[in-house]
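K.L.:
Okay, here's the structure, questions in a sec.
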Amino acid sequence: MSNNKKKKLTPTQQEYQQFANNREVVKRPLLKNCIKAFLVGGIICVIGQLISTFYMYFFKFTEQNVGNPTVATLIFITMLLTGFGVYDRLAQFAGAGSAVPVTGFGNAVISAAIEHRTEGFVLGVGGNIFKLAGPVIVFGVFSAFIVALIKTILIQWGGL
Amino acid sequence: MVFFWAFVVGGLICVIGQIMFDVFKLTPGHTLTTLVVSGAVLSGLGWYEKLVDFAGAGATVPITSFGNQLVIGAMEQAEKHGIIGVITGMFQVTSSGISAAIIFGTIGAIFFKPKG
């Protein structure tokens with residue numbers, strides 16, 4: 001923080017800044033967290049692969065479109081785990097390992113829906129269901145639009 | 001063998017997320033958004049499809065595949081209908097993830113009570 005900014009703070013605020021800086025010194029156990037994330041994320045992907053194999057074998061999905069029913073099934077499982085409070089504990093343990101797979105997206109949507117049901121179904125559930133997962137959809141769609149637009153222009157007029 | 005590579009690749013993508021959490025101190029929202037955007041860019045370069053062929057669910061289960069599938073859906077329609085297809089085809093492939101999230105989110109809100 002620059003000195004100029006520091007002068008504007010009251011003594012109490014400066015004291016708090018000092019305190020907060022000292023708190024930040026506590027290091028997060030990076031390696032341990034990464035191993036946990038690797039194991040849990042890997043296991044979730046293996047479960048996804050099991051479900052994919054099941055759909056390919058029994059429901060005649062091809063390798064290209066088997067991702068769709070797999071994602072839906074994983075989100076259904078996430079609903080049960082989130083509802084019974086298991087997913088929260090898993091997320092405590094695994095960090096990004098449970099947040100990065102699509103189950104983390106499902107958990108963000110479902111927990112927001114459950115949390116806001118006390119505010120009513122239309123404004124509570126309907127209004128807040130994408131509160132946490134919204135940015136992912138917004139910027140995913142926007143970046144995909146830009147990428148696809150550039151690619152289409154290159155293919156159509158650039159003769160790629 | 002595909003199970004092994006699904007485990008390794010899926011795990012590694014999660015480690016990238018964990019590093020963004022811990023080293024760059026990003027919030028989960030920023031991390032997931034960055035991953036989705038990078039998935040879309042990798043898809044545009046044509047690299048993500050190769051990763052899916054190689055690792056199966058290890059590449060389709062992490063959130064990066066969401067960006068990838070958005071681009072694939074847009075490109076499929078763009079090939080058929082030209083530039084307007086980029087908009088009409090956007091959710092063609094991803095619909096299952098979003099509709100499943102909405103449907104099961106609503107069902108969850110009906111049956112489960114918030115805790116704490």
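Following the order of the structure tokens, first chain is A, next is B, and so on, with residues numbered from 1 inside each chain and ligands from 1 in the order they appear.
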With a distance cut-off of 9 Å and only C-alpha atoms, select the neighbouring residues of stretch 151-159 of chain A, excluding the residue or stretch itself and same-chain residues fewer than 3 positions from it, and output the selection as a list in words.
P.N.:
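My list of contacting residues is Ile146, Val147 and Ala148 of chain A; Gly44, Leu45, Met75, Ala78, Glu79, Gly82, Ile83 and Val86 of chain B.
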K.L.:
Dump as a PyMOL selection string the residues of chain B that approach chain A to within 7 Å, counting only C-alpha atoms.
P.N.:
chain B and resi 3+6-8+10-12+14-15+17-18+22+32-33+36-37+40-41+44+56-58+60-63+67+70-71+74-75+78+83+86+96-97+100-101+104-106+108-109+112-114
K.L.:
Interatomic distance between atom CA of B:Trp47 and atom CA of B:Ser65?
P.N.:
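Pair atom CA of B:Trp47 / atom CA of B:Ser65 returns 11.7 Å.
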K.L.:
Rounded to one decimal place, report the atom CA of B:Phe54-atom CA of B:Gly39 distance in Å.
P.N.:
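Result for atom CA of B:Phe54 versus atom CA of B:Gly39: 15.7 Å, one decimal.
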K.L.:
How far is it from atom CA of A:Gly127 to atom CA of B:Gln69, in Å with one decimal?
P.N.:
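According to the coordinates, atom CA of A:Gly127 and atom CA of B:Gln69 are separated by 25.9 Å.
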